[in-house]
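Enquirer: Provided herewith: input_37.pdb, PDB, C-alpha atoms, pLDDT in the B column.
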```pdb
ATOM      1  CA  MET A   1     184.825  12.823 185.893  1.00 73.00           C
ATOM      2  CA  PRO A   2     188.096  13.637 184.082  1.00 86.00           C
ATOM      3  CA  THR A   3     189.871  16.778 185.241  1.00 88.00           C
ATOM      4  CA  THR A   4     193.297  18.350 185.193  1.00 94.00           C
ATOM      5  CA  ARG A   5     192.726  19.859 188.624  1.00 92.00           C
ATOM      6  CA  PRO A   6     193.993  18.328 191.872  1.00 92.00           C
ATOM      7  CA  ARG A   7     191.651  16.030 193.771  1.00 87.00           C
ATOM      8  CA  HIS A   8     191.596  15.682 197.552  1.00 86.00           C
ATOM      9  CA  PRO A   9     190.436  12.454 199.166  1.00 89.00           C
ATOM     10  CA  VAL A  10     188.784  12.720 202.566  1.00 90.00           C
ATOM     11  CA  THR A  11     188.478   9.756 204.901  1.00 93.00           C
ATOM     12  CA  GLU A  12     185.089   9.669 206.581  1.00 93.00           C
ATOM     13  CA  THR A  13     186.176   9.431 210.207  1.00 93.00           C
ATOM     14  CA  ASP A  14     183.629   9.581 213.038  1.00 93.00           C
ATOM     15  CA  ASP A  15     183.825  13.381 213.299  1.00 93.00           C
ATOM     16  CA  ILE A  16     183.584  13.848 209.516  1.00 92.00           C
ATOM     17  CA  THR A  17     180.572  11.502 209.442  1.00 93.00           C
ATOM     18  CA  ILE A  18     178.770  13.677 211.999  1.00 92.00           C
ATOM     19  CA  ILE A  19     179.527  16.829 210.004  1.00 92.00           C
ATOM     20  CA  LEU A  20     178.376  15.238 206.737  1.00 92.00           C
ATOM     21  CA  ASP A  21     175.186  13.966 208.366  1.00 93.00           C
ATOM     22  CA  GLU A  22     174.433  17.516 209.560  1.00 92.00           C
ATOM     23  CA  ALA A  23     175.215  18.867 206.086  1.00 92.00           C
ATOM     24  CA  ALA A  24     172.773  16.366 204.583  1.00 93.00           C
ATOM     25  CA  LEU A  25     170.036  17.827 206.800  1.00 93.00           C
ATOM     26  CA  ARG A  26     170.797  21.268 205.380  1.00 91.00           C
ATOM     27  CA  TRP A  27     171.445  20.410 201.738  1.00 90.00           C
ATOM     28  CA  GLY A  28     169.372  17.293 201.229  1.00 90.00           C
ATOM     29  CA  ASN A  29     170.445  13.976 199.870  1.00 83.00           C
ATOM     30  CA  ALA A  30     173.336  15.248 197.775  1.00 92.00           C
ATOM     31  CA  PRO A  31     176.224  12.819 197.360  1.00 94.00           C
ATOM     32  CA  ARG A  32     178.654  13.023 200.266  1.00 93.00           C
ATOM     33  CA  SER A  33     181.394  14.283 197.943  1.00 91.00           C
ATOM     34  CA  GLN A  34     179.111  17.178 196.961  1.00 93.00           C
ATOM     35  CA  LEU A  35     178.337  17.874 200.630  1.00 93.00           C
ATOM     36  CA  ILE A  36     182.070  18.295 201.244  1.00 93.00           C
ATOM     37  CA  ARG A  37     182.142  20.920 198.489  1.00 92.00           C
ATOM     38  CA  TYR A  38     179.107  22.714 199.964  1.00 92.00           C
ATOM     39  CA  ILE A  39     180.692  22.721 203.428  1.00 91.00           C
ATOM     40  CA  ILE A  40     183.934  24.217 202.116  1.00 89.00           C
ATOM     41  CA  LEU A  41     182.149  26.920 200.101  1.00 89.00           C
ATOM     42  CA  ASP A  42     179.864  27.749 203.027  1.00 86.00           C
ATOM     43  CA  TRP A  43     182.825  27.976 205.397  1.00 83.00           C
ATOM     44  CA  ALA A  44     184.732  30.219 202.995  1.00 82.00           C
ATOM     45  CA  ALA A  45     181.747  32.535 202.525  1.00 80.00           C
ATOM     46  CA  ALA A  46     181.235  32.823 206.281  1.00 75.00           C
ATOM     47  CA  GLY A  47     184.890  33.719 206.732  1.00 65.00           C
ATOM     48  CA  ARG A  48     184.433  36.693 204.428  1.00 70.00           C
ATOM     49  CA  SER A  49     181.317  38.078 206.078  1.00 69.00           C
ATOM     50  CA  PRO A  50     181.617  41.338 208.040  1.00 70.00           C
ATOM     51  CA  SER A  51     180.376  39.718 211.251  1.00 73.00           C
ATOM     52  CA  SER A  52     182.898  36.899 210.893  1.00 68.00           C
ATOM     53  CA  ARG A  53     185.769  39.349 210.436  1.00 66.00           C
ATOM     54  CA  ALA A  54     184.615  41.379 213.442  1.00 72.00           C
ATOM     55  CA  SER A  55     184.394  38.221 215.524  1.00 73.00           C
ATOM     56  CA  ALA A  56     187.903  37.194 214.482  1.00 68.00           C
ATOM     57  CA  ARG A  57     189.259  40.628 215.418  1.00 68.00           C
ATOM     58  CA  ALA A  58     187.484  40.463 218.779  1.00 70.00           C
ATOM     59  CA  GLY A  59     189.209  37.152 219.464  1.00 68.00           C
ATOM     60  CA  LEU A  60     192.582  38.789 218.908  1.00 65.00           C
ATOM     61  CA  ILE A  61     192.118  41.510 221.519  1.00 64.00           C
ATOM     62  CA  GLY A  62     195.085  41.325 223.828  1.00 62.00           C
ATOM     63  CA  SER A  63     196.337  38.047 222.346  1.00 64.00           C
ATOM     64  CA  LEU A  64     199.701  39.564 221.392  1.00 60.00           C
ATOM     65  CA  ALA A  65     201.878  41.414 223.858  1.00 60.00           C
ATOM     66  CA  GLY A  66     201.289  45.177 223.520  1.00 59.00           C
ATOM     67  CA  SER A  67     198.411  44.693 221.097  1.00 55.00           C
ATOM     68  CA  ALA A  68     195.352  45.250 223.286  1.00 54.00           C
ATOM     69  CA  GLU A  69     194.931  48.922 222.374  1.00 55.00           C
ATOM     70  CA  LEU A  70     195.595  48.253 218.708  1.00 53.00           C
ATOM     71  CA  TYR A  71     192.862  45.635 218.439  1.00 49.00           C
ATOM     72  CA  GLU A  72     190.381  47.482 220.638  1.00 50.00           C
ATOM     73  CA  ARG A  73     190.486  50.270 218.069  1.00 51.00           C
ATOM     74  CA  SER A  74     189.400  47.757 215.449  1.00 52.00           C
ATOM     75  CA  GLN A  75     185.804  48.392 216.461  1.00 58.00           C
ATOM     76  CA  ASP A  76     186.120  51.669 214.556  1.00 57.00           C
ATOM     77  CA  TRP A  77     187.190  49.816 211.414  1.00 57.00           C
ATOM     78  CA  PRO A  78     184.546  49.040 208.830  1.00 56.00           C
ATOM     79  CA  ALA A  79     183.329  45.464 209.199  1.00 54.00           C
TER      80      ALA A  79
END
```
Can you dump the structure from the file as structure tokens?
Expert:
Amino acid sequence: MPTTRPRHPVTETDDITIILDEAALRWGNAPRSQLIRYIILDWAAAGRSPSSRASARAGLIGSLAGSAELYERSQDWPA
């Protein structure tokens, strides 16, 4: 399909094949190129969810010198 937007080829390595096969179970028999789009959009949406942000903050606790108290207080922040 003609487009002026950038295109990004993806080589279907063994690990990508496994991921695409799992995506096909979730989204049916869509073309593999469409599955890649679904995976990216799903990943992006999950990264914006409150629980995902809280989980990311929890992973940062104490990861930077002198930051443990700062990030422990993040539990008071809205998710």
Enquirer: What gap, in Å, lies between CA of Pro9 (chain A) and CA of Arg32 (chain A)?
Expert: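 Between CA of Pro9 (chain A) and CA of Arg32 (chain A) the gap is 11.8 Å.
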Enquirer: Under the PyMOL selection byres ((chain A and resi 22-24) around 12), which residues of this model are included? Write them out as a PDB file with C-alpha atoms, keeping the file's coordinate frame.
Expert:
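Output (expr.pdb):
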```pdb
ATOM      1  CA  ASP A  15     183.825  13.381 213.299  1.00 93.00           C
ATOM      2  CA  ILE A  16     183.584  13.848 209.516  1.00 92.00           C
ATOM      3  CA  THR A  17     180.572  11.502 209.442  1.00 93.00           C
ATOM      4  CA  ILE A  18     178.770  13.677 211.999  1.00 92.00           C
ATOM      5  CA  ILE A  19     179.527  16.829 210.004  1.00 92.00           C
ATOM      6  CA  LEU A  20     178.376  15.238 206.737  1.00 92.00           C
ATOM      7  CA  ASP A  21     175.186  13.966 208.366  1.00 93.00           C
ATOM      8  CA  LEU A  25     170.036  17.827 206.800  1.00 93.00           C
ATOM      9  CA  ARG A  26     170.797  21.268 205.380  1.00 91.00           C
ATOM     10  CA  TRP A  27     171.445  20.410 201.738  1.00 90.00           C
ATOM     11  CA  GLY A  28     169.372  17.293 201.229  1.00 90.00           C
ATOM     12  CA  ASN A  29     170.445  13.976 199.870  1.00 83.00           C
ATOM     13  CA  ALA A  30     173.336  15.248 197.775  1.00 92.00           C
ATOM     14  CA  PRO A  31     176.224  12.819 197.360  1.00 94.00           C
ATOM     15  CA  ARG A  32     178.654  13.023 200.266  1.00 93.00           C
ATOM     16  CA  SER A  33     181.394  14.283 197.943  1.00 91.00           C
ATOM     17  CA  GLN A  34     179.111  17.178 196.961  1.00 93.00           C
ATOM     18  CA  LEU A  35     178.337  17.874 200.630  1.00 93.00           C
ATOM     19  CA  ILE A  36     182.070  18.295 201.244  1.00 93.00           C
ATOM     20  CA  ARG A  37     182.142  20.920 198.489  1.00 92.00           C
ATOM     21  CA  TYR A  38     179.107  22.714 199.964  1.00 92.00           C
ATOM     22  CA  ILE A  39     180.692  22.721 203.428  1.00 91.00           C
ATOM     23  CA  ILE A  40     183.934  24.217 202.116  1.00 89.00           C
ATOM     24  CA  ASP A  42     179.864  27.749 203.027  1.00 86.00           C
ATOM     25  CA  TRP A  43     182.825  27.976 205.397  1.00 83.00           C
TER      26      TRP A  43
END
```
Enquirer: How many Å separate CA of Arg48 (chain A) from CA of Glu12 (chain A)?
Expert: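 One can read the CA of Arg48 (chain A) to CA of Glu12 (chain A) distance as 27.1 Å.
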Enquirer: Between CA of Val10 (chain A) and CA of Ser55 (chain A), measure the distance and give it in Å to one decimal.
Expert: 28.9 Å
Enquirer: How big is the axis-aligned box around the listed atoms of region 13-29 of chain A once 3 Å is added on each side, and where is its centre? Give both in Å to one decimal, as JSON.
Expert:
```
{"center_x": 177.8, "center_y": 15.3, "center_z": 206.6, "size_x": 22.8, "size_y": 17.8, "size_z": 19.4}
```
